[in-house]
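Okay, entry_3.cif now, which holds mmCIF, C-alpha atoms:
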data_my_file
#
loop_
_atom_site.group_PDB
_atom_site.id
_atom_site.type_symbol
_atom_site.label_atom_id
_atom_site.label_comp_id
_atom_site.auth_asym_id
_atom_site.auth_seq_id
_atom_site.Cartn_x
_atom_site.Cartn_y
_atom_site.Cartn_z
ATOM 1 C CA MET A 1 -144.384 -70.330 44.766
ATOM 2 C CA LEU A 2 -141.548 -67.933 44.074
ATOM 3 C CA ILE A 3 -138.169 -68.660 42.468
ATOM 4 C CA CYS A 4 -135.196 -66.279 42.216
ATOM 5 C CA GLU A 5 -132.609 -67.196 39.573
ATOM 6 C CA ARG A 6 -129.603 -65.724 37.799
ATOM 7 C CA THR A 7 -128.784 -63.185 40.509
ATOM 8 C CA ASN A 8 -126.086 -60.654 39.684
ATOM 9 C CA VAL A 9 -124.817 -57.992 42.150
ATOM 10 C CA MET A 10 -122.869 -55.118 40.609
ATOM 11 C CA ASN A 11 -120.918 -51.945 41.388
ATOM 12 C CA ILE A 12 -119.933 -52.514 45.039
ATOM 13 C CA GLU A 13 -116.412 -51.194 44.374
ATOM 14 C CA ASN A 14 -117.601 -47.934 42.822
ATOM 15 C CA ALA A 15 -120.299 -47.462 45.447
ATOM 16 C CA MET A 16 -117.734 -47.777 48.252
ATOM 17 C CA ARG A 17 -115.356 -45.356 46.549
ATOM 18 C CA GLY A 18 -118.229 -42.884 46.314
ATOM 19 C CA ALA A 19 -119.027 -43.406 49.987
ATOM 20 C CA ARG A 20 -115.544 -42.055 50.774
ATOM 21 C CA ASN A 21 -115.890 -38.944 48.597
ATOM 22 C CA PRO A 22 -117.333 -36.637 51.313
ATOM 23 C CA MET A 23 -114.247 -37.066 53.552
ATOM 24 C CA ASN A 24 -111.665 -37.616 50.775
ATOM 25 C CA SER A 25 -110.749 -40.844 52.587
ATOM 26 C CA TRP A 26 -109.949 -42.969 49.545
ATOM 27 C CA GLY A 27 -106.541 -43.782 51.004
ATOM 28 C CA ARG A 28 -108.235 -45.905 53.652
ATOM 29 C CA MET A 29 -109.853 -48.214 51.104
ATOM 30 C CA ASP A 30 -108.748 -51.785 51.822
ATOM 31 C CA SER A 31 -111.080 -53.945 49.696
ATOM 32 C CA GLU A 32 -110.001 -56.183 46.836
ATOM 33 C CA TYR A 33 -111.187 -58.827 44.378
ATOM 34 C CA ASP A 34 -110.717 -62.482 45.282
ATOM 35 C CA LYS A 35 -109.764 -65.272 42.868
ATOM 36 C CA GLU A 36 -113.443 -65.800 41.926
ATOM 37 C CA GLY A 37 -113.842 -62.147 40.952
ATOM 38 C CA ASN A 38 -115.905 -61.204 44.015
ATOM 39 C CA TYR A 39 -115.280 -57.808 45.581
ATOM 40 C CA VAL A 40 -114.387 -58.432 49.227
ATOM 41 C CA LEU A 41 -114.758 -55.534 51.644
ATOM 42 C CA GLY A 42 -111.789 -54.982 53.937
ATOM 43 C CA PRO A 43 -112.214 -54.030 57.622
ATOM 44 C CA ASN A 44 -111.982 -50.269 56.963
ATOM 45 C CA ASP A 45 -114.504 -50.282 54.129
ATOM 46 C CA LEU A 46 -116.896 -52.645 55.889
ATOM 47 C CA GLY A 47 -116.753 -50.529 59.051
ATOM 48 C CA LEU A 48 -117.587 -47.385 57.085
ATOM 49 C CA ALA A 49 -120.361 -49.179 55.189
ATOM 50 C CA ARG A 50 -121.914 -50.319 58.474
ATOM 51 C CA ARG A 51 -121.748 -46.860 60.056
ATOM 52 C CA LEU A 52 -123.300 -45.145 57.061
ATOM 53 C CA ARG A 53 -126.013 -47.810 56.817
ATOM 54 C CA LEU A 54 -127.047 -47.143 60.419
ATOM 55 C CA ALA A 55 -126.846 -43.357 60.059
ATOM 56 C CA GLY A 56 -130.004 -43.215 57.932
ATOM 57 C CA SER A 57 -131.005 -42.785 54.312
ATOM 58 C CA ASP A 58 -129.331 -39.364 53.934
ATOM 59 C CA HIS A 59 -125.949 -40.887 54.744
ATOM 60 C CA ARG A 60 -126.238 -44.258 53.006
ATOM 61 C CA LYS A 61 -126.649 -42.957 49.468
ATOM 62 C CA TYR A 62 -123.944 -45.403 48.373
ATOM 63 C CA LEU A 63 -126.474 -48.232 48.772
ATOM 64 C CA ARG A 64 -128.446 -46.786 45.856
ATOM 65 C CA GLN A 65 -125.378 -47.481 43.699
ATOM 66 C CA ILE A 66 -125.174 -51.201 44.491
ATOM 67 C CA PHE A 67 -127.297 -52.842 41.813
ATOM 68 C CA VAL A 68 -128.975 -56.247 41.738
ATOM 69 C CA SER A 69 -130.435 -58.066 38.738
ATOM 70 C CA VAL A 70 -132.470 -61.252 39.162
ATOM 71 C CA ASP A 71 -135.044 -63.338 37.302
ATOM 72 C CA ILE A 72 -138.103 -63.895 39.494
ATOM 73 C CA THR A 73 -140.864 -66.380 38.692
ATOM 74 C CA ALA A 74 -143.965 -65.797 40.800
ATOM 75 C CA PRO A 75 -147.779 -65.851 40.554
ATOM 76 C CA LEU A 76 -149.705 -62.848 39.318
ATOM 77 C CA TYR A 77 -151.195 -62.279 42.777
ATOM 78 C CA TRP A 78 -147.656 -61.701 44.127
ATOM 79 C CA TRP A 79 -146.669 -59.448 41.235
ATOM 80 C CA LYS A 80 -149.711 -57.288 42.001
ATOM 81 C CA GLU A 81 -148.226 -56.538 45.421
ATOM 82 C CA TYR A 82 -144.691 -56.232 44.067
ATOM 83 C CA ASP A 83 -145.835 -53.481 41.691
ATOM 84 C CA THR A 84 -146.223 -51.207 44.730
ATOM 85 C CA TYR A 85 -142.432 -50.761 44.507
ATOM 86 C CA LYS A 86 -141.994 -48.626 41.402
ATOM 87 C CA ALA A 87 -139.389 -46.052 42.474
ATOM 88 C CA GLY A 88 -135.878 -47.182 41.607
ATOM 89 C CA THR A 89 -136.899 -50.607 40.325
ATOM 90 C CA VAL A 90 -137.192 -51.895 36.759
ATOM 91 C CA ALA A 91 -138.796 -55.114 35.469
ATOM 92 C CA ASN A 92 -139.227 -56.709 32.056
ATOM 93 C CA SER A 93 -141.803 -59.489 32.069
ATOM 94 C CA THR A 94 -142.755 -62.360 29.847
ATOM 95 C CA SER A 95 -145.884 -61.298 27.950
ATOM 96 C CA THR A 96 -149.254 -62.711 28.938
ATOM 97 C CA MET A 97 -150.952 -60.667 26.222
ATOM 98 C CA HIS A 98 -148.754 -61.784 23.315
ATOM 99 C CA LYS A 99 -147.470 -65.239 24.253
ATOM 100 C CA ILE A 100 -150.106 -66.885 26.433
ATOM 101 C CA HIS A 101 -151.145 -69.136 23.539
ATOM 102 C CA SER A 102 -147.600 -70.188 22.552
ATOM 103 C CA LYS A 103 -147.373 -73.310 24.762
ATOM 104 C CA PRO A 104 -149.852 -75.800 26.228
ATOM 105 C CA PHE A 105 -151.288 -75.009 29.648
ATOM 106 C CA SER A 106 -150.370 -77.371 32.468
ATOM 107 C CA LEU A 107 -150.941 -77.359 36.220
ATOM 108 C CA GLU A 108 -147.239 -76.516 36.704
ATOM 109 C CA ASP A 109 -147.835 -73.120 35.086
ATOM 110 C CA PHE A 110 -149.704 -72.130 38.254
ATOM 111 C CA SER A 111 -148.807 -71.782 41.926
ATOM 112 C CA HIS A 112 -150.794 -74.480 43.701
ATOM 113 C CA ASP A 113 -148.437 -75.428 46.541
ATOM 114 C CA HIS A 114 -150.896 -74.274 49.240
ATOM 115 C CA MET A 115 -154.111 -75.537 47.647
ATOM 116 C CA THR A 116 -156.161 -78.183 49.353
ATOM 117 C CA GLU A 117 -156.663 -81.350 47.321
ATOM 118 C CA PRO A 118 -160.312 -80.583 46.375
ATOM 119 C CA THR A 119 -159.290 -77.133 45.129
ATOM 120 C CA ARG A 120 -156.345 -78.582 43.223
ATOM 121 C CA SER A 121 -158.712 -81.011 41.520
ATOM 122 C CA PHE A 122 -160.940 -78.126 40.459
ATOM 123 C CA MET A 123 -157.877 -76.228 39.282
ATOM 124 C CA LYS A 124 -157.114 -79.089 36.901
ATOM 125 C CA VAL A 125 -160.567 -78.559 35.364
ATOM 126 C CA VAL A 126 -159.809 -74.848 34.879
ATOM 127 C CA VAL A 127 -156.427 -75.659 33.310
ATOM 128 C CA GLY A 128 -158.137 -78.119 30.977
ATOM 129 C CA GLU A 129 -160.631 -75.462 29.885
ATOM 130 C CA LEU A 130 -157.825 -72.964 29.296
ATOM 131 C CA GLU A 131 -156.048 -75.514 27.105
ATOM 132 C CA LYS A 132 -159.203 -76.047 25.032
ATOM 133 C CA LEU A 133 -159.474 -72.287 24.553
ATOM 134 C CA ARG A 134 -155.797 -72.050 23.643
ATOM 135 C CA ILE A 135 -156.116 -74.709 20.955
ATOM 136 C CA ASN A 136 -159.224 -73.006 19.587
ATOM 137 C CA TYR A 137 -157.454 -69.645 19.480
ATOM 138 C CA VAL A 138 -154.407 -71.097 17.692
ATOM 139 C CA GLU A 139 -156.728 -72.534 15.055
ATOM 140 C CA THR A 140 -159.114 -69.589 14.643
ATOM 141 C CA LYS A 141 -157.313 -66.468 15.955
ATOM 142 C CA SER A 142 -160.692 -65.478 17.378
ATOM 143 C CA LYS A 143 -160.448 -62.367 19.560
ATOM 144 C CA GLU A 144 -163.463 -63.601 21.485
ATOM 145 C CA THR A 145 -161.599 -66.807 22.400
ATOM 146 C CA TRP A 146 -158.495 -64.800 23.312
ATOM 147 C CA TYR A 147 -160.574 -62.734 25.740
ATOM 148 C CA ASP A 148 -161.996 -65.945 27.206
ATOM 149 C CA MET A 149 -158.426 -67.101 27.945
ATOM 150 C CA ILE A 150 -157.268 -63.798 29.406
ATOM 151 C CA GLN A 151 -160.311 -63.295 31.614
ATOM 152 C CA LEU A 152 -160.432 -66.901 32.815
ATOM 153 C CA LEU A 153 -156.714 -66.955 33.677
ATOM 154 C CA PRO A 154 -156.337 -67.363 37.476
ATOM 155 C CA SER A 155 -154.123 -65.014 39.477
ATOM 156 C CA SER A 156 -152.048 -68.056 40.448
ATOM 157 C CA TYR A 157 -150.550 -68.068 36.928
ATOM 158 C CA ASN A 158 -146.759 -67.855 37.184
ATOM 159 C CA GLN A 159 -144.940 -65.085 35.329
ATOM 160 C CA MET A 160 -141.200 -64.526 35.013
ATOM 161 C CA ARG A 161 -139.733 -61.020 35.154
ATOM 162 C CA THR A 162 -136.141 -59.820 35.004
ATOM 163 C CA CYS A 163 -135.941 -57.291 37.841
ATOM 164 C CA THR A 164 -133.368 -54.667 38.772
ATOM 165 C CA PHE A 165 -133.082 -53.183 42.267
ATOM 166 C CA ASN A 166 -130.553 -51.378 44.374
ATOM 167 C CA TYR A 167 -129.723 -52.136 48.003
ATOM 168 C CA GLU A 168 -131.787 -49.175 49.241
ATOM 169 C CA ASN A 169 -134.885 -50.563 47.477
ATOM 170 C CA LEU A 170 -134.242 -53.917 49.104
ATOM 171 C CA ILE A 171 -134.013 -52.410 52.596
ATOM 172 C CA ASN A 172 -137.507 -50.962 52.149
ATOM 173 C CA MET A 173 -138.934 -54.160 50.660
ATOM 174 C CA TYR A 174 -137.317 -56.480 53.204
ATOM 175 C CA PHE A 175 -138.583 -54.690 56.286
ATOM 176 C CA ALA A 176 -142.024 -53.964 54.820
ATOM 177 C CA ARG A 177 -142.681 -57.565 53.785
ATOM 178 C CA LYS A 178 -140.659 -59.934 55.994
ATOM 179 C CA SER A 179 -143.680 -60.643 58.217
ATOM 180 C CA HIS A 180 -146.250 -60.764 55.423
ATOM 181 C CA LYS A 181 -148.812 -63.581 55.316
ATOM 182 C CA LEU A 182 -147.806 -64.607 51.767
ATOM 183 C CA THR A 183 -145.131 -67.296 51.764
ATOM 184 C CA GLU A 184 -143.775 -65.808 48.530
ATOM 185 C CA TRP A 185 -142.635 -62.706 50.412
ATOM 186 C CA HIS A 186 -140.788 -64.879 52.917
ATOM 187 C CA THR A 187 -139.023 -66.609 50.040
ATOM 188 C CA PHE A 188 -138.127 -63.220 48.578
ATOM 189 C CA CYS A 189 -136.741 -62.019 51.922
ATOM 190 C CA ASP A 190 -134.755 -65.246 52.284
ATOM 191 C CA TRP A 191 -133.218 -64.496 48.874
ATOM 192 C CA VAL A 192 -132.341 -60.947 49.984
ATOM 193 C CA GLU A 193 -130.450 -62.427 52.933
ATOM 194 C CA THR A 194 -128.181 -64.358 50.531
ATOM 195 C CA LEU A 195 -126.885 -61.232 48.745
ATOM 196 C CA PRO A 196 -123.303 -60.058 49.369
ATOM 197 C CA TYR A 197 -123.084 -58.232 52.713
ATOM 198 C CA ALA A 198 -126.870 -58.335 53.095
ATOM 199 C CA LYS A 199 -126.629 -58.863 56.841
ATOM 200 C CA GLU A 200 -124.456 -55.791 57.265
ATOM 201 C CA LEU A 201 -125.828 -53.435 54.604
ATOM 202 C CA ILE A 202 -129.494 -54.385 54.168
ATOM 203 C CA ILE A 203 -130.606 -56.065 57.381
ATOM 204 C CA ALA A 204 -128.096 -54.113 59.498
ATOM 205 C CA GLU A 205 -127.499 -56.895 61.974
ATOM 206 C CA SER A 206 -125.157 -56.032 64.846
ATOM 207 C CA GLU A 207 -121.830 -57.811 64.967
#

Represent the structure contained in this file as structure tokens.
Amino acid sequence: MLICERTNVMNIENAMRGARNPMNSWGRMDSEYDKEGNYVLGPNDLGLARRLRLAGSDHRKYLRQIFVSVDITAPLYWWKEYDTYKAGTVANSTSTMHKIHSKPFSLEDFSHDHMTEPTRSFMKVVVGELEKLRINYVETKSKETWYDMIQLLPSSYNQMRTCTFNYENLINMYFARKSHKLTEWHTFCDWVETLPYAKELIIAESE
């Protein structure tokens, strides 16, 4: 399971103005904001953006100035792979260490959408044991019990992080992971495809 929420894309206008700096071609800018406040690329700007995107990373530096913020909820096993992408990305997570005991455990706290029914039944036993440990820890503040919780916690436990990328990061992530065996990566790549001008600037689809 993976959920992307509260997506915000920023700085397209400034990035495109910067893309025109090398040739002093600001007079050809033809983009504008629509009634909803979205920055809409005009034909001249979109054509330049496409050409620079296809010219390689040295020429598409403007993509590093288009920023994306999103809240992602995903299992720990996915976050372990995500953490490969450190350069140019930032993430603030909910705290497993400090807040794991603050609410009751339930099956919905874990990704179990691909489990077989026998495994899901066993998972309910594990969740029940975690809840017993949680209650004991709340009552006793025993460090031993806290370690029992942390070390028993399955990697399917869902964690939410607020993540920041730029479009260049997303190019690398999209093409590295779009054929991955984990369904969560496919969901992530599907989300990337919904971003403004993703088809032109990230995926680089031909017209």

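Straight-line separation from atom CA of Thr194 of chain A to atom CA of Arg51 of chain A: 20.9 Å.
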
Checklist line | Nearby residues (only C-alpha atoms) at most 9 Å from Ala49 of chain A, same-chain spacing under 2 positions excluded, as a VMD selection string | finding: chain A and resid 16 19 44 to 47 51 to 54 60 62 to 63 200 to 201

Just write the chosen residues, C-alpha atoms, as a PDB file, in the frame of the given file.
ATOM      1  CA  MET A  16    -117.734 -47.777  48.252  1.00  0.00           C
ATOM      2  CA  ALA A  19    -119.027 -43.406  49.987  1.00  0.00           C
ATOM      3  CA  ASN A  44    -111.982 -50.269  56.963  1.00  0.00           C
ATOM      4  CA  ASP A  45    -114.504 -50.282  54.129  1.00  0.00           C
ATOM      5  CA  LEU A  46    -116.896 -52.645  55.889  1.00  0.00           C
ATOM      6  CA  GLY A  47    -116.753 -50.529  59.051  1.00  0.00           C
ATOM      7  CA  ARG A  51    -121.748 -46.860  60.056  1.00  0.00           C
ATOM      8  CA  LEU A  52    -123.300 -45.145  57.061  1.00  0.00           C
ATOM      9  CA  ARG A  53    -126.013 -47.810  56.817  1.00  0.00           C
ATOM     10  CA  LEU A  54    -127.047 -47.143  60.419  1.00  0.00           C
ATOM     11  CA  ARG A  60    -126.238 -44.258  53.006  1.00  0.00           C
ATOM     12  CA  TYR A  62    -123.944 -45.403  48.373  1.00  0.00           C
ATOM     13  CA  LEU A  63    -126.474 -48.232  48.772  1.00  0.00           C
ATOM     14  CA  GLU A 200    -124.456 -55.791  57.265  1.00  0.00           C
ATOM     15  CA  LEU A 201    -125.828 -53.435  54.604  1.00  0.00           C
TER      16      LEU A 201
END

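When only C-alpha atoms are used to compute distances to Asn136 of chain A, the closest of the residues A:Lys61, A:Lys35, A:His101, A:Arg28 turns out to be A:His101.
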
Practice task
Evaluate the PyMOL selection byres ((chain A and resi 150-161) around 10) on the structure here and hand back the selected residues as a PyMOL selection string.
Solution key: chain A and resi 1-4+70-80+90-97+100+107-112+123+126-127+129-130+133+145-149+162-164

Notebook entry, point to check: Exactly which residues make up the result of the PyMOL selection byres ((chain A and resi 166) around 8) on this file, given as a ChimeraX atom specification?
Noted result: /A:63-68,88-89,164-165,167-170

Write the selection just made, keeping C-alpha atoms, as a short mmCIF file (atom, residue, chain, number, x, y, z; two decimals), in the coordinates of the input?
data_model
loop_
_atom_site.label_atom_id
_atom_site.label_comp_id
_atom_site.auth_asym_id
_atom_site.auth_seq_id
_atom_site.Cartn_x
_atom_site.Cartn_y
_atom_site.Cartn_z
CA LEU A 63 -126.47 -48.23 48.77
CA ARG A 64 -128.45 -46.79 45.86
CA GLN A 65 -125.38 -47.48 43.70
CA ILE A 66 -125.17 -51.20 44.49
CA PHE A 67 -127.30 -52.84 41.81
CA VAL A 68 -128.98 -56.25 41.74
CA GLY A 88 -135.88 -47.18 41.61
CA THR A 89 -136.90 -50.61 40.33
CA THR A 164 -133.37 -54.67 38.77
CA PHE A 165 -133.08 -53.18 42.27
CA TYR A 167 -129.72 -52.14 48.00
CA GLU A 168 -131.79 -49.18 49.24
CA ASN A 169 -134.88 -50.56 47.48
CA LEU A 170 -134.24 -53.92 49.10
#

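Going from atom CA of Ala176 of chain A over to atom CA of Glu13 of chain A, you cover 27.8 Å.
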
As a check of understanding: the span from atom CA of His186 of chain A to atom CA of Arg120 of chain A is 22.9 Å

Query - Selection result for the PyMOL selection byres ((chain A and resi 178) around 12) on this file, as a PyMOL selection string - result: chain A and resi 170-177+179-193+203

Exercise for review: For Gly128 of chain A, list every protein, DNA or RNA residue within 10 Å, evaluated using only C-alpha atoms, and leave out those in the same chain fewer than 6 positions away; present the list as a VMD selection string.
Suggested key: chain A and resid 104 to 107 122 134

Repair of segment 167-198 of chain A at the level of N, CA and C atoms, as a CSV table (one decimal), in the coordinates of the input:
chain,number,residue,atom,x,y,z
A,167,TYR,N,-129.7,-51.7,46.6
A,167,TYR,CA,-129.7,-52.1,48.0
A,167,TYR,C,-130.7,-51.3,48.8
A,168,GLU,N,-130.8,-50.0,48.5
A,168,GLU,CA,-131.8,-49.2,49.2
A,168,GLU,C,-133.2,-49.7,49.0
A,169,ASN,N,-133.6,-50.0,47.8
A,169,ASN,CA,-134.9,-50.6,47.5
A,169,ASN,C,-135.1,-51.8,48.4
A,170,LEU,N,-134.1,-52.6,48.4
A,170,LEU,CA,-134.2,-53.9,49.1
A,170,LEU,C,-134.4,-53.8,50.6
A,171,ILE,N,-133.8,-52.7,51.2
A,171,ILE,CA,-134.0,-52.4,52.6
A,171,ILE,C,-135.5,-52.2,52.8
A,172,ASN,N,-136.1,-51.3,52.0
A,172,ASN,CA,-137.5,-51.0,52.1
A,172,ASN,C,-138.4,-52.2,52.0
A,173,MET,N,-138.1,-53.0,50.9
A,173,MET,CA,-138.9,-54.2,50.7
A,173,MET,C,-138.8,-55.2,51.8
A,174,TYR,N,-137.6,-55.4,52.2
A,174,TYR,CA,-137.3,-56.5,53.2
A,174,TYR,C,-138.1,-56.2,54.5
A,175,PHE,N,-138.0,-55.0,55.0
A,175,PHE,CA,-138.6,-54.7,56.3
A,175,PHE,C,-140.1,-54.5,56.2
A,176,ALA,N,-140.6,-54.1,55.0
A,176,ALA,CA,-142.0,-54.0,54.8
A,176,ALA,C,-142.7,-55.3,54.7
A,177,ARG,N,-142.0,-56.3,54.2
A,177,ARG,CA,-142.7,-57.6,53.8
A,177,ARG,C,-142.2,-58.8,54.5
A,178,LYS,N,-141.2,-58.7,55.4
A,178,LYS,CA,-140.7,-59.9,56.0
A,178,LYS,C,-141.6,-60.7,56.9
A,179,SER,N,-142.7,-60.0,57.4
A,179,SER,CA,-143.7,-60.6,58.2
A,179,SER,C,-145.0,-60.8,57.5
A,180,HIS,N,-145.0,-60.7,56.2
A,180,HIS,CA,-146.2,-60.8,55.4
A,180,HIS,C,-146.8,-62.2,55.4
A,181,LYS,N,-148.2,-62.3,55.3
A,181,LYS,CA,-148.8,-63.6,55.3
A,181,LYS,C,-148.5,-64.4,54.1
A,182,LEU,N,-148.1,-63.8,53.0
A,182,LEU,CA,-147.8,-64.6,51.8
A,182,LEU,C,-146.4,-65.3,51.9
A,183,THR,N,-146.4,-66.6,51.7
A,183,THR,CA,-145.1,-67.3,51.8
A,183,THR,C,-144.1,-66.8,50.7
A,184,GLU,N,-144.7,-66.3,49.6
A,184,GLU,CA,-143.8,-65.8,48.5
A,184,GLU,C,-142.9,-64.7,49.0
A,185,TRP,N,-143.4,-63.8,49.9
A,185,TRP,CA,-142.6,-62.7,50.4
A,185,TRP,C,-141.5,-63.2,51.3
A,186,HIS,N,-141.8,-64.3,52.1
A,186,HIS,CA,-140.8,-64.9,52.9
A,186,HIS,C,-139.7,-65.5,52.1
A,187,THR,N,-140.0,-66.1,51.0
A,187,THR,CA,-139.0,-66.6,50.0
A,187,THR,C,-138.2,-65.5,49.5
A,188,PHE,N,-138.8,-64.4,49.1
A,188,PHE,CA,-138.1,-63.2,48.6
A,188,PHE,C,-137.2,-62.7,49.6
A,189,CYS,N,-137.6,-62.5,50.9
A,189,CYS,CA,-136.7,-62.0,51.9
A,189,CYS,C,-135.6,-63.0,52.2
A,190,ASP,N,-135.8,-64.3,52.1
A,190,ASP,CA,-134.8,-65.2,52.3
A,190,ASP,C,-133.7,-65.1,51.2
A,191,TRP,N,-134.2,-64.8,50.0
A,191,TRP,CA,-133.2,-64.5,48.9
A,191,TRP,C,-132.4,-63.2,49.2
A,192,VAL,N,-133.1,-62.2,49.6
A,192,VAL,CA,-132.3,-60.9,50.0
A,192,VAL,C,-131.2,-61.2,51.0
A,193,GLU,N,-131.5,-62.1,51.9
A,193,GLU,CA,-130.4,-62.4,52.9
A,193,GLU,C,-129.2,-63.1,52.4
A,194,THR,N,-129.3,-63.7,51.1
A,194,THR,CA,-128.2,-64.4,50.5
A,194,THR,C,-127.3,-63.4,49.7
A,195,LEU,N,-127.7,-62.2,49.6
A,195,LEU,CA,-126.9,-61.2,48.7
A,195,LEU,C,-125.6,-60.8,49.5
A,196,PRO,N,-124.6,-60.4,48.7
A,196,PRO,CA,-123.3,-60.1,49.4
A,196,PRO,C,-123.5,-58.9,50.4
A,197,TYR,N,-123.0,-59.2,51.6
A,197,TYR,CA,-123.1,-58.2,52.7
A,197,TYR,C,-124.5,-57.8,53.1
A,198,ALA,N,-125.5,-58.7,52.8
A,198,ALA,CA,-126.9,-58.3,53.1
A,198,ALA,C,-127.1,-58.1,54.6
